[in-house]
file protein_29.cif (mmCIF, C-alpha atoms and all ligand atoms)
data_start
loop_
_atom_site.label_atom_id
_atom_site.label_comp_id
_atom_site.auth_asym_id
_atom_site.auth_seq_id
_atom_site.Cartn_x
_atom_site.Cartn_y
_atom_site.Cartn_z
CA MET A 1 83.09 147.44 77.09
CA LEU A 2 79.36 147.95 77.07
CA LYS A 3 78.04 146.26 80.22
CA ASP A 4 80.26 145.39 83.18
CA GLY A 5 82.66 143.35 81.09
CA MET A 6 79.82 141.09 79.93
CA SER A 7 79.52 142.04 76.26
CA LYS A 8 78.71 139.26 73.81
CA ILE A 9 79.10 140.61 70.32
CA LEU A 10 77.55 139.22 67.13
CA VAL A 11 79.08 140.19 63.78
CA THR A 12 77.04 139.41 60.64
CA GLY A 13 78.72 139.26 57.22
CA ALA A 14 81.95 138.70 59.16
CA CYS A 15 83.90 137.16 56.26
CA GLY A 16 83.56 140.28 54.11
CA GLN A 17 86.04 143.08 53.53
CA ILE A 18 85.25 144.99 56.73
CA GLY A 19 84.30 142.03 58.96
CA SER A 20 87.61 140.29 58.24
CA GLU A 21 89.40 143.14 60.01
CA LEU A 22 86.68 144.27 62.43
CA VAL A 23 86.35 140.81 64.05
CA PRO A 24 90.06 140.61 65.03
CA ALA A 25 89.89 144.21 66.33
CA LEU A 26 86.81 143.42 68.44
CA ARG A 27 88.37 140.18 69.71
CA GLU A 28 91.52 142.05 70.68
CA ARG A 29 89.44 144.51 72.68
CA TYR A 30 86.69 142.28 74.13
CA GLY A 31 88.21 138.76 74.07
CA GLY A 32 88.00 136.10 71.35
CA GLU A 33 85.21 134.03 72.90
CA ASN A 34 83.00 137.11 73.23
CA VAL A 35 82.88 137.92 69.52
CA ILE A 36 80.75 135.56 67.42
CA ALA A 37 81.64 135.80 63.74
CA THR A 38 78.83 134.75 61.39
CA ASP A 39 78.32 134.66 57.64
CA ILE A 40 76.30 132.81 55.02
CA GLU A 41 79.60 131.54 53.56
CA GLU A 42 82.90 130.78 55.26
CA THR A 43 85.27 132.61 52.93
CA ASN A 44 87.65 133.51 55.78
CA PRO A 45 88.54 130.38 57.81
CA GLU A 46 90.97 132.50 59.89
CA LEU A 47 87.98 133.80 61.86
CA ARG A 48 87.56 130.39 63.54
CA LYS A 49 91.06 130.56 65.05
CA ASP A 50 90.43 133.04 67.85
CA GLY A 51 86.74 132.65 68.58
CA PRO A 52 83.39 131.19 67.53
CA PHE A 53 82.16 131.11 63.93
CA GLU A 54 78.58 130.22 62.94
CA PHE A 55 76.87 129.98 59.58
CA MET A 56 73.99 132.43 59.70
CA ASP A 57 71.79 133.82 56.92
CA VAL A 58 70.42 137.23 57.95
CA THR A 59 67.26 136.68 55.91
CA GLN A 60 66.37 133.75 58.21
CA ARG A 61 64.82 135.10 61.38
CA GLY A 62 64.96 131.75 63.20
CA ALA A 63 68.68 131.39 62.54
CA ILE A 64 69.42 134.88 63.92
CA GLY A 65 67.30 134.25 67.01
CA ALA A 66 69.05 130.92 67.67
CA VAL A 67 72.54 132.49 67.60
CA VAL A 68 71.48 135.49 69.69
CA ASP A 69 69.91 133.18 72.29
CA ARG A 70 72.73 130.62 72.34
CA TYR A 71 75.42 133.21 72.97
CA ARG A 72 73.26 135.71 74.93
CA VAL A 73 74.25 138.44 72.48
CA ASP A 74 73.94 142.04 73.68
CA THR A 75 75.67 143.92 70.83
CA VAL A 76 75.41 143.45 67.06
CA TYR A 77 77.65 144.69 64.25
CA HIS A 78 75.45 144.08 61.22
CA LEU A 79 77.74 143.98 58.17
CA ALA A 80 75.95 141.47 55.93
CA ALA A 81 74.92 143.26 52.74
CA ILE A 82 74.93 143.27 48.95
CA LEU A 83 77.03 146.18 47.66
CA SER A 84 76.36 148.64 44.83
CA ALA A 85 77.65 146.88 41.70
CA THR A 86 76.26 143.45 42.63
CA GLY A 87 73.09 145.21 43.76
CA GLU A 88 72.53 146.64 40.27
CA LYS A 89 72.93 143.15 38.79
CA LYS A 90 70.67 141.58 41.43
CA PRO A 91 68.37 144.30 42.82
CA GLN A 92 65.88 141.81 44.31
CA LEU A 93 68.65 140.09 46.26
CA ALA A 94 69.98 143.48 47.42
CA TRP A 95 66.54 144.41 48.76
CA ASP A 96 66.11 141.04 50.45
CA VAL A 97 69.48 140.97 52.21
CA ASN A 98 69.84 144.69 52.95
CA ILE A 99 66.26 145.47 53.98
CA ASN A 100 64.60 142.22 55.04
CA GLY A 101 67.86 141.12 56.69
CA LEU A 102 68.17 144.40 58.60
CA TYR A 103 64.51 144.31 59.63
CA LYS A 104 64.98 140.80 61.07
CA ILE A 105 68.13 141.83 62.91
CA LEU A 106 66.33 144.85 64.41
CA GLU A 107 63.27 142.80 65.38
CA ILE A 108 65.36 140.12 67.10
CA ALA A 109 67.37 142.89 68.82
CA ARG A 110 64.14 144.54 70.01
CA GLU A 111 62.62 141.29 71.27
CA ARG A 112 65.79 140.05 73.02
CA ARG A 113 66.60 143.49 74.46
CA VAL A 114 69.97 143.72 72.71
CA MET A 115 71.72 146.87 73.92
CA ARG A 116 73.30 148.27 70.78
CA VAL A 117 73.29 147.61 67.02
CA PHE A 118 75.76 148.97 64.47
CA CYS A 119 74.48 149.13 60.91
CA PRO A 120 76.66 150.97 58.39
CA SER A 121 75.28 153.20 55.70
CA SER A 122 77.31 154.48 52.75
CA ILE A 123 78.03 157.43 50.49
CA ALA A 124 75.64 155.49 48.22
CA ALA A 125 72.79 157.02 50.27
CA PHE A 126 73.37 160.18 48.20
CA GLY A 127 72.28 160.61 44.59
CA PRO A 128 72.74 162.79 41.53
CA GLU A 129 70.67 165.64 43.02
CA THR A 130 72.89 165.82 46.14
CA PRO A 131 75.60 168.54 46.17
CA ARG A 132 78.74 166.61 45.20
CA ASP A 133 81.37 168.76 46.90
CA ASN A 134 81.59 168.96 50.68
CA THR A 135 78.29 167.05 50.77
CA PRO A 136 76.39 168.31 53.84
CA GLN A 137 75.15 166.10 56.65
CA GLU A 138 71.56 167.14 55.99
CA THR A 139 70.92 167.05 52.26
CA VAL A 140 68.95 165.47 49.42
CA LEU A 141 68.81 161.65 49.73
CA ARG A 142 67.51 160.42 46.37
CA PRO A 143 69.89 157.59 45.32
CA THR A 144 69.46 155.94 41.92
CA THR A 145 70.88 152.50 42.84
CA MET A 146 69.02 149.75 44.69
CA TYR A 147 71.96 149.63 47.12
CA GLY A 148 71.52 153.34 47.83
CA VAL A 149 67.77 152.95 48.27
CA THR A 150 68.39 150.21 50.86
CA LYS A 151 70.97 152.37 52.66
CA VAL A 152 68.60 155.35 53.02
CA ALA A 153 65.79 153.04 54.15
CA GLY A 154 68.19 151.36 56.59
CA GLU A 155 69.15 154.71 58.16
CA LEU A 156 65.48 155.62 58.58
CA LEU A 157 64.56 152.19 59.95
CA GLY A 158 67.37 152.35 62.51
CA ASP A 159 66.27 155.82 63.61
CA TYR A 160 62.69 154.57 63.89
CA TYR A 161 63.74 151.69 66.17
CA PHE A 162 65.68 154.15 68.33
CA ARG A 163 62.73 156.56 68.72
CA ARG A 164 59.95 153.98 68.92
CA PHE A 165 61.61 151.11 70.84
CA GLU A 166 64.65 152.79 72.44
CA LEU A 167 66.95 150.33 70.65
CA ASP A 168 70.38 151.99 70.44
CA VAL A 169 71.07 151.73 66.69
CA ARG A 170 74.16 153.51 65.33
CA GLY A 171 75.65 153.93 61.89
CA VAL A 172 78.03 155.89 59.70
CA ARG A 173 78.05 156.59 55.97
CA TYR A 174 81.31 154.84 55.09
CA PRO A 175 83.19 156.09 52.02
CA GLY A 176 84.86 153.47 49.77
CA ILE A 177 87.04 151.33 52.04
CA ILE A 178 90.57 150.37 50.99
CA SER A 179 92.21 147.39 52.66
CA SER A 180 94.89 144.74 52.27
CA GLU A 181 93.31 141.68 53.93
CA ALA A 182 89.98 140.54 52.40
CA PRO A 183 89.02 141.58 48.86
CA PRO A 184 86.11 144.01 48.40
CA GLY A 185 82.70 142.47 47.77
CA GLY A 186 81.16 143.84 44.57
CA GLY A 187 81.17 147.62 44.94
CA THR A 188 81.91 150.64 42.75
CA THR A 189 84.96 151.70 44.76
CA ASP A 190 86.58 148.23 44.40
CA TYR A 191 89.02 149.56 41.77
CA ALA A 192 90.93 151.35 44.55
CA VAL A 193 91.81 147.96 46.09
CA GLU A 194 92.23 145.86 42.92
CA ILE A 195 94.72 148.38 41.51
CA PHE A 196 97.26 147.56 44.26
CA TYR A 197 97.22 143.81 43.54
CA GLU A 198 97.71 144.43 39.80
CA ALA A 199 100.39 147.09 40.38
CA ILE A 200 102.42 144.63 42.45
CA LYS A 201 101.81 141.52 40.35
CA HIS A 202 101.75 142.90 36.78
CA GLN A 203 102.67 146.62 36.99
CA LYS A 204 99.55 147.46 34.95
CA TYR A 205 95.82 147.81 35.59
CA THR A 206 92.66 148.44 33.59
CA CYS A 207 90.37 150.71 35.60
CA PHE A 208 86.57 150.46 35.25
CA LEU A 209 86.11 154.15 36.14
CA LYS A 210 87.24 157.23 34.20
CA GLU A 211 90.57 158.67 35.28
CA ASP A 212 89.06 161.90 36.69
CA THR A 213 86.27 160.28 38.79
CA VAL A 214 86.83 161.64 42.30
CA LEU A 215 85.24 159.62 45.14
CA PRO A 216 85.50 159.72 48.95
CA MET A 217 87.69 156.90 50.31
CA MET A 218 89.06 155.66 53.64
CA TYR A 219 91.82 153.27 54.71
CA MET A 220 90.76 150.28 56.81
CA PRO A 221 92.50 151.31 60.07
CA ASP A 222 90.42 154.51 60.04
CA CYS A 223 87.28 152.53 59.18
CA ILE A 224 87.85 150.27 62.20
CA LYS A 225 88.61 153.26 64.43
CA ALA A 226 85.43 155.06 63.35
CA THR A 227 83.34 151.94 63.89
CA LEU A 228 84.67 151.27 67.39
CA ASP A 229 84.52 154.96 68.35
CA VAL A 230 80.94 155.60 67.26
CA MET A 231 79.85 152.44 69.11
CA ALA A 232 81.72 153.51 72.26
CA ALA A 233 80.38 157.09 72.20
CA ASP A 234 78.25 158.31 75.10
CA LEU A 235 74.63 158.06 73.94
CA ALA A 236 73.83 161.32 75.73
CA GLN A 237 76.31 163.15 73.46
CA LEU A 238 74.70 161.91 70.23
CA GLU A 239 72.16 164.02 68.40
CA ARG A 240 72.31 161.81 65.33
CA HIS A 241 72.35 158.02 65.39
CA THR A 242 72.42 156.09 62.13
CA ASP A 243 73.65 158.46 59.43
CA PHE A 244 76.92 160.18 60.34
CA ASN A 245 78.81 161.49 57.30
CA LEU A 246 82.40 160.24 57.45
CA ALA A 247 85.43 161.38 55.47
CA ALA A 248 89.16 160.72 55.28
CA MET A 249 90.42 161.40 51.73
CA SER A 250 89.07 161.89 48.21
CA PHE A 251 90.94 161.11 45.00
CA SER A 252 90.51 160.10 41.36
CA PRO A 253 91.99 156.97 39.73
CA ALA A 254 94.60 159.20 38.02
CA GLU A 255 95.68 160.67 41.37
CA LEU A 256 95.93 157.17 42.87
CA VAL A 257 98.02 156.01 39.90
CA THR A 258 100.42 158.95 40.33
CA GLU A 259 100.84 158.10 44.02
CA ILE A 260 101.49 154.40 43.27
CA GLN A 261 104.03 155.39 40.58
CA LYS A 262 106.09 157.14 43.27
CA HIS A 263 106.77 153.60 44.60
CA ILE A 264 106.48 151.59 41.34
CA PRO A 265 107.59 153.95 38.50
CA GLU A 266 106.91 151.39 35.74
CA PHE A 267 103.24 151.02 36.76
CA THR A 268 100.72 151.99 34.04
CA CYS A 269 96.93 152.21 34.00
CA GLU A 270 94.37 152.32 31.20
CA TYR A 271 90.72 153.26 31.56
CA LYS A 272 87.73 151.30 30.28
CA PRO A 273 84.66 152.63 32.11
CA ASP A 274 81.77 150.17 32.49
CA PHE A 275 78.31 150.30 34.15
CA ARG A 276 79.92 151.31 37.44
CA GLN A 277 80.81 154.73 36.00
CA GLU A 278 77.16 155.79 36.15
CA ILE A 279 76.97 154.73 39.80
CA ALA A 280 80.15 156.65 40.66
CA ASP A 281 78.85 159.73 38.83
CA SER A 282 75.82 159.76 41.13
CA TRP A 283 77.95 159.86 44.32
CA PRO A 284 79.69 162.77 46.10
CA ARG A 285 83.28 163.83 45.50
CA THR A 286 83.97 165.13 49.00
CA ILE A 287 82.10 164.90 52.31
CA ASP A 288 81.45 167.26 55.21
CA ASP A 289 81.87 165.08 58.31
CA SER A 290 81.70 167.84 60.94
CA ALA A 291 78.80 166.21 62.83
CA ALA A 292 80.92 163.07 63.48
CA ARG A 293 83.85 165.26 64.53
CA GLU A 294 81.70 167.30 66.92
CA GLU A 295 79.55 164.53 68.42
CA TRP A 296 82.07 161.73 68.95
CA GLY A 297 85.46 163.18 68.12
CA TRP A 298 86.02 161.63 64.69
CA SER A 299 89.39 162.37 63.08
CA PRO A 300 91.07 160.19 60.41
CA GLU A 301 94.77 159.29 60.47
CA TYR A 302 95.51 158.22 56.90
CA ASP A 303 95.72 160.46 53.83
CA LEU A 304 96.37 159.26 50.26
CA ALA A 305 100.18 159.14 50.56
CA ALA A 306 100.17 157.29 53.90
CA MET A 307 97.52 154.82 52.72
CA VAL A 308 99.38 154.00 49.46
CA ALA A 309 102.72 153.51 51.24
CA ASP A 310 101.13 151.15 53.80
CA MET A 311 99.12 149.16 51.23
CA LEU A 312 102.20 148.62 49.04
CA GLU A 313 104.33 147.62 52.01
CA LYS A 314 101.78 145.07 53.29
CA LEU A 315 100.86 143.58 49.90
CA GLY A 316 104.48 143.70 48.68
CA LYS A 317 105.56 141.61 51.68
CA ARG A 318 102.80 139.06 50.99
CA TYR A 319 103.88 138.92 47.32
CA GLU A 320 107.51 138.25 48.27
CA GLU A 321 106.33 135.44 50.55
CA GLY A 322 104.26 133.94 47.70
CA ARG A 323 100.96 134.69 49.47
CA LEU A 324 99.36 137.15 47.03
P1 LIG A 401 81.35 142.56 51.74
O1 LIG A 401 80.55 142.41 50.51
O2 LIG A 401 82.82 142.46 51.65
O3 LIG A 401 80.87 141.51 52.84
C1 LIG A 401 79.52 141.26 53.06
C2 LIG A 401 79.40 139.89 53.66
O4 LIG A 401 77.99 139.63 53.81
C3 LIG A 401 79.97 138.77 52.78
O5 LIG A 401 80.93 138.03 53.50
C4 LIG A 401 78.75 137.92 52.41
O6 LIG A 401 79.02 136.54 52.37
C5 LIG A 401 77.79 138.26 53.56
N1 LIG A 401 76.39 138.01 53.20
C6 LIG A 401 75.76 138.23 52.03
N2 LIG A 401 74.48 137.83 52.12
C7 LIG A 401 74.30 137.35 53.36
C8 LIG A 401 73.20 136.80 54.05
N3 LIG A 401 72.00 136.62 53.46
N4 LIG A 401 73.38 136.43 55.35
C9 LIG A 401 74.56 136.58 55.95
N5 LIG A 401 75.66 137.08 55.35
C10 LIG A 401 75.51 137.47 54.07
O7 LIG A 401 80.91 143.95 52.40
P2 LIG A 401 81.78 144.93 53.29
O8 LIG A 401 82.57 145.76 52.38
O9 LIG A 401 82.46 144.17 54.37
O10 LIG A 401 80.63 145.86 53.88
C11 LIG A 401 80.09 145.70 55.18
C12 LIG A 401 79.05 146.78 55.37
O11 LIG A 401 79.66 148.06 55.18
C13 LIG A 401 77.87 146.72 54.39
O12 LIG A 401 76.70 147.16 55.02
C14 LIG A 401 78.26 147.74 53.34
O13 LIG A 401 77.13 148.28 52.69
C15 LIG A 401 78.95 148.77 54.19
N6 LIG A 401 79.86 149.61 53.42
C16 LIG A 401 81.00 149.10 52.90
C17 LIG A 401 81.85 149.91 52.17
C18 LIG A 401 83.12 149.39 51.57
O14 LIG A 401 83.76 150.11 50.79
N7 LIG A 401 83.56 148.18 51.90
C19 LIG A 401 81.52 151.24 51.96
C20 LIG A 401 80.32 151.73 52.46
C21 LIG A 401 79.51 150.91 53.22
C1 LIG A 402 80.40 150.27 47.03
O1 LIG A 402 81.18 150.74 46.17
O2 LIG A 402 79.31 149.77 46.78
C2 LIG A 402 80.82 150.41 48.48
C3 LIG A 402 80.24 151.65 49.06
C4 LIG A 402 80.92 152.94 48.85
O3 LIG A 402 79.21 151.59 49.70
N1 LIG A 402 82.24 150.37 48.55
#

call {"tool": "encode", "arguments": {"input": "protein_29.cif", "output": "structure tokens", "more": "lines below"}}
Ligand code: NAD
Ligand code: AKB
result
Amino acid sequence: MLKDGMSKILVTGACGQIGSELVPALRERYGGENVIATDIEETNPELRKDGPFEFMDVTQRGAIGAVVDRYRVDTVYHLAAILSATGEKKPQLAWDVNINGLYKILEIARERRVMRVFCPSSIAAFGPETPRDNTPQETVLRPTTMYGVTKVAGELLGDYYFRRFELDVRGVRYPGIISSEAPPGGGTTDYAVEIFYEAIKHQKYTCFLKEDTVLPMMYMPDCIKATLDVMAADLAQLERHTDFNLAAMSFSPAELVTEIQKHIPEFTCEYKPDFRQEIADSWPRTIDDSAAREEWGWSPEYDLAAMVADMLEKLGKRYEEGRL
């Protein structure tokens, strides 16, 4: 709890892959009424069950201000964004939502004296000139996607608001997130979620990345843990603020297929790389997350084997119940 049990938390982009699981986790911890889920579209009606939901477009400053004022918001988890693959198809939209949206969130937070803002970055902040193995915390940030450009700019903007206005902005560079609840929203790592649905339903999958493309990944329970932990960390212990490297596991599509085949031996995968291959080739293979470990005690729980077993159990149950 951030302020004498009085936290009012706003989540933007709440119906997305991460928001769909972060909102219930926040409501569990802080109380349903205290977590206001917002999105431009209501693709997850479940979020209305345990607390407020509001339509809110993060590119509309007036709309953000109205929600912040109505609920007396003091903490923001800003998840609304356009991800890498959609961002390459619609770079202008990616800039508008990811940069103009973030700027408006930060300005409203500054004006209304919001206490703390979470704004995630991504492994997409790195680029082809970055060392790809054990990518250091401090390294070359020259991404070649619009999404990556917005993530680097977002890290810098958040740091600026911290230094210049003492707004407590925090963020991590999430790897690709794997989850069983909401589908991923137009990224390059989406294959690592789609593959489970196809393995269960059809026992075959066509992957849009090459079989040996290793990328950093993380299972949703670790993503939620990291998000809550970095936001709960003692500010005095933080040297960094908006750009913590974060790691849990790294694997290629072929390694994921082998792990799934341990549970579904008849599962097969073919590979037809598309435009997302070039994006993946510009990202790291493995990440050095020692700063997050040292400054706020980060440590993941799920490796590849544990993640695959849990995903197949959860999705398999939904399939048997006719809900997949
Ligand atoms: P997502 O695409 O699943 O969800 C984003 C949500 O934002 C969607 O529900 C969408 O409707 C909403 N949105 C889009 N435009 C909006 C607007 N103008 N106003 C309000 N809402 C709008 O994304 P996610 O995977 O949940 O990602 C959340 C955050 O985490 C993003 O900043 C993303 O860059 C970051 N991230 C995600 C991953 C991942 O693998 N999921 C990895 C690295 C970083
Ligand atoms: C994407 O693939 O765009 C996201 C990310 C790693 O930021 N999952």

call {"tool": "residues_around", "arguments": {"input": "protein_29.cif", "residues": "Glu259 in chain A", "least_positions_apart": "2", "cutoff": "8 Å", "atoms": "only C-alpha atoms", "output": "list in words"}}
result
Glu255, Leu256, Val257, Gln261, Lys262, His263, Leu304, Ala305 and Val308 of chain A

call {"tool": "atom_distance", "arguments": {"input": "protein_29.cif", "atom1": "CA of Arg70 in chain A", "atom2": "atom O7 of ligand LIG 401 (chain A)"}}
result
25.3 Å

call {"tool": "closest_atom_pairs", "arguments": {"input": "protein_29.cif", "of": "chain A", "to": "ligand LIG 402 (chain A)", "cutoff": "7 Å", "atoms": "all atoms listed in the file", "output": "tab-separated table"}}
result
residue	atom	partner	partner_atom	distance
A:Leu83	CA	A:LIG402	O2	4.3
A:Ser84	CA	A:LIG402	O2	3.7
A:Ala85	CA	A:LIG402	O2	6.1
A:Ser122	CA	A:LIG402	O3	4.6
A:Ile123	CA	A:LIG402	C4	5.6
A:Ala124	CA	A:LIG402	O3	5.5
A:Tyr174	CA	A:LIG402	C4	6.5
A:Pro175	CA	A:LIG402	C4	5.0
A:Gly176	CA	A:LIG402	C4	4.1
A:Ile177	CA	A:LIG402	N1	6.0
A:Gly186	CA	A:LIG402	O2	6.6
A:Gly187	CA	A:LIG402	O1	3.4
A:Thr188	CA	A:LIG402	O1	3.5
A:Thr189	CA	A:LIG402	O1	4.1
A:Asp190	CA	A:LIG402	O1	6.2

call {"tool": "write_last_selection", "arguments": {"input": "protein_29.cif", "atoms": "C-alpha atoms", "output": "PDB file, keeping the file's coordinate frame"}}
result
ATOM      1  CA  LEU A  83      77.030 146.180  47.660  1.00  0.00           C
ATOM      2  CA  SER A  84      76.360 148.640  44.830  1.00  0.00           C
ATOM      3  CA  ALA A  85      77.650 146.880  41.700  1.00  0.00           C
ATOM      4  CA  SER A 122      77.310 154.480  52.750  1.00  0.00           C
ATOM      5  CA  ILE A 123      78.030 157.430  50.490  1.00  0.00           C
ATOM      6  CA  ALA A 124      75.640 155.490  48.220  1.00  0.00           C
ATOM      7  CA  TYR A 174      81.310 154.840  55.090  1.00  0.00           C
ATOM      8  CA  PRO A 175      83.190 156.090  52.020  1.00  0.00           C
ATOM      9  CA  GLY A 176      84.860 153.470  49.770  1.00  0.00           C
ATOM     10  CA  ILE A 177      87.040 151.330  52.040  1.00  0.00           C
ATOM     11  CA  GLY A 186      81.160 143.840  44.570  1.00  0.00           C
ATOM     12  CA  GLY A 187      81.170 147.620  44.940  1.00  0.00           C
ATOM     13  CA  THR A 188      81.910 150.640  42.750  1.00  0.00           C
ATOM     14  CA  THR A 189      84.960 151.700  44.760  1.00  0.00           C
ATOM     15  CA  ASP A 190      86.580 148.230  44.400  1.00  0.00           C
TER      16      ASP A 190
END

call {"tool": "atom_distance", "arguments": {"input": "protein_29.cif", "atom1": "CA of Gly51 in chain A", "atom2": "CA of Ser20 in chain A"}}
result
12.9 Å

call {"tool": "residues_around", "arguments": {"input": "protein_29.cif", "residues": "range 279-292 of chain A", "least_positions_apart": "4", "cutoff": "9 Å", "atoms": "all atoms listed in the file", "output": "PyMOL selection string"}}
result
chain A and resi 84-85+123-137+143-145+172+175+188-189+209+213-216+230+239-240+244-251+275+296-299

call {"tool": "write_last_selection", "arguments": {"input": "protein_29.cif", "atoms": "C-alpha atoms", "output": "PDB file, in the frame of the given file"}}
result
ATOM      1  CA  SER A  84      76.360 148.640  44.830  1.00  0.00           C
ATOM      2  CA  ALA A  85      77.650 146.880  41.700  1.00  0.00           C
ATOM      3  CA  ILE A 123      78.030 157.430  50.490  1.00  0.00           C
ATOM      4  CA  ALA A 124      75.640 155.490  48.220  1.00  0.00           C
ATOM      5  CA  ALA A 125      72.790 157.020  50.270  1.00  0.00           C
ATOM      6  CA  PHE A 126      73.370 160.180  48.200  1.00  0.00           C
ATOM      7  CA  GLY A 127      72.280 160.610  44.590  1.00  0.00           C
ATOM      8  CA  PRO A 128      72.740 162.790  41.530  1.00  0.00           C
ATOM      9  CA  GLU A 129      70.670 165.640  43.020  1.00  0.00           C
ATOM     10  CA  THR A 130      72.890 165.820  46.140  1.00  0.00           C
ATOM     11  CA  PRO A 131      75.600 168.540  46.170  1.00  0.00           C
ATOM     12  CA  ARG A 132      78.740 166.610  45.200  1.00  0.00           C
ATOM     13  CA  ASP A 133      81.370 168.760  46.900  1.00  0.00           C
ATOM     14  CA  ASN A 134      81.590 168.960  50.680  1.00  0.00           C
ATOM     15  CA  THR A 135      78.290 167.050  50.770  1.00  0.00           C
ATOM     16  CA  PRO A 136      76.390 168.310  53.840  1.00  0.00           C
ATOM     17  CA  GLN A 137      75.150 166.100  56.650  1.00  0.00           C
ATOM     18  CA  PRO A 143      69.890 157.590  45.320  1.00  0.00           C
ATOM     19  CA  THR A 144      69.460 155.940  41.920  1.00  0.00           C
ATOM     20  CA  THR A 145      70.880 152.500  42.840  1.00  0.00           C
ATOM     21  CA  VAL A 172      78.030 155.890  59.700  1.00  0.00           C
ATOM     22  CA  PRO A 175      83.190 156.090  52.020  1.00  0.00           C
ATOM     23  CA  THR A 188      81.910 150.640  42.750  1.00  0.00           C
ATOM     24  CA  THR A 189      84.960 151.700  44.760  1.00  0.00           C
ATOM     25  CA  LEU A 209      86.110 154.150  36.140  1.00  0.00           C
ATOM     26  CA  THR A 213      86.270 160.280  38.790  1.00  0.00           C
ATOM     27  CA  VAL A 214      86.830 161.640  42.300  1.00  0.00           C
ATOM     28  CA  LEU A 215      85.240 159.620  45.140  1.00  0.00           C
ATOM     29  CA  PRO A 216      85.500 159.720  48.950  1.00  0.00           C
ATOM     30  CA  VAL A 230      80.940 155.600  67.260  1.00  0.00           C
ATOM     31  CA  GLU A 239      72.160 164.020  68.400  1.00  0.00           C
ATOM     32  CA  ARG A 240      72.310 161.810  65.330  1.00  0.00           C
ATOM     33  CA  PHE A 244      76.920 160.180  60.340  1.00  0.00           C
ATOM     34  CA  ASN A 245      78.810 161.490  57.300  1.00  0.00           C
ATOM     35  CA  LEU A 246      82.400 160.240  57.450  1.00  0.00           C
ATOM     36  CA  ALA A 247      85.430 161.380  55.470  1.00  0.00           C
ATOM     37  CA  ALA A 248      89.160 160.720  55.280  1.00  0.00           C
ATOM     38  CA  MET A 249      90.420 161.400  51.730  1.00  0.00           C
ATOM     39  CA  SER A 250      89.070 161.890  48.210  1.00  0.00           C
ATOM     40  CA  PHE A 251      90.940 161.110  45.000  1.00  0.00           C
ATOM     41  CA  PHE A 275      78.310 150.300  34.150  1.00  0.00           C
ATOM     42  CA  TRP A 296      82.070 161.730  68.950  1.00  0.00           C
ATOM     43  CA  GLY A 297      85.460 163.180  68.120  1.00  0.00           C
ATOM     44  CA  TRP A 298      86.020 161.630  64.690  1.00  0.00           C
ATOM     45  CA  SER A 299      89.390 162.370  63.080  1.00  0.00           C
TER      46      SER A 299
END

call {"tool": "atom_distance", "arguments": {"input": "protein_29.cif", "atom1": "CA of Pro24 in chain A", "atom2": "atom C3 of ligand LIG 401 (chain A)"}}
result
16.0 Å

call {"tool": "closest_residue", "arguments": {"input": "protein_29.cif", "among": "A:Leu10, A:Ala66, A:Ile108, A:Ile178", "to": "ligand LIG 401 (chain A)", "atoms": "all atoms listed in the file"}}
result
A:Ile178

call {"tool": "residues_near_ligand", "arguments": {"input": "protein_29.cif", "ligand": "ligand LIG 401 (chain A)", "cutoff": "7 Å", "atoms": "all atoms listed in the file", "output": "PyMOL selection string"}}
result
chain A and resi 12-19+39-41+43+56-59+79-83+97+101+119-123+173-178+183-187+189

call {"tool": "residues_near_point", "arguments": {"input": "protein_29.cif", "point": "(80.3, 164.0, 78.1)", "cutoff": "12 Å", "atoms": "only C-alpha atoms", "output": "PyMOL selection string"}}
result
chain A and resi 233-238+294-297

call {"tool": "residues_around", "arguments": {"input": "protein_29.cif", "residues": "Tyr319 in chain A", "least_positions_apart": "4", "cutoff": "12 Å", "atoms": "all atoms listed in the file", "output": "MDAnalysis selection string"}}
result
chainID A and resid 180 196:202 311:315 323:324

call {"tool": "closest_residue", "arguments": {"input": "protein_29.cif", "among": "A:Gly148, A:Pro221, A:Gly158, A:Pro253", "to": "Ser179 in chain A", "atoms": "all atoms listed in the file"}}
result
A:Pro221

call {"tool": "closest_residue", "arguments": {"input": "protein_29.cif", "among": "A:Ala94, A:Glu321, A:Ile224, A:Glu266", "to": "Glu301 in chain A", "atoms": "only C-alpha atoms"}}
result
A:Ile224

call {"tool": "residues_around", "arguments": {"input": "protein_29.cif", "residues": "Val169 in chain A", "least_positions_apart": "3", "cutoff": "9 Å", "atoms": "all atoms listed in the file", "output": "list of chain:residue names"}}
result
A:Leu106, A:Met115, A:Arg116, A:Val117, A:Phe118, A:Cys119, A:Gly158, A:Asp159, A:Tyr161, A:Phe162, A:Glu166, A:His241, A:Thr242

call {"tool": "decode", "arguments": {"input": "protein_29.cif", "residues": "range 61-72 of chain A", "atoms": "C-alpha atoms", "output": "PDB file, in the first residue's frame"}}
result
ATOM      1  CA  ARG A  61      -5.737  14.573 -22.080  1.00  0.00           C
ATOM      2  CA  GLY A  62      -9.190  15.696 -20.899  1.00  0.00           C
ATOM      3  CA  ALA A  63     -10.380  12.114 -20.550  1.00  0.00           C
ATOM      4  CA  ILE A  64      -7.348  11.139 -18.434  1.00  0.00           C
ATOM      5  CA  GLY A  65      -7.759  14.200 -16.214  1.00  0.00           C
ATOM      6  CA  ALA A  66     -11.460  13.465 -15.677  1.00  0.00           C
ATOM      7  CA  VAL A  67     -10.807   9.886 -14.505  1.00  0.00           C
ATOM      8  CA  VAL A  68      -7.867  10.909 -12.302  1.00  0.00           C
ATOM      9  CA  ASP A  69      -9.977  13.648 -10.683  1.00  0.00           C
ATOM     10  CA  ARG A  70     -13.152  11.565 -10.299  1.00  0.00           C
ATOM     11  CA  TYR A  71     -11.385   8.736  -8.501  1.00  0.00           C
ATOM     12  CA  ARG A  72      -8.640  10.845  -6.823  1.00  0.00           C
TER      13      ARG A  72
END
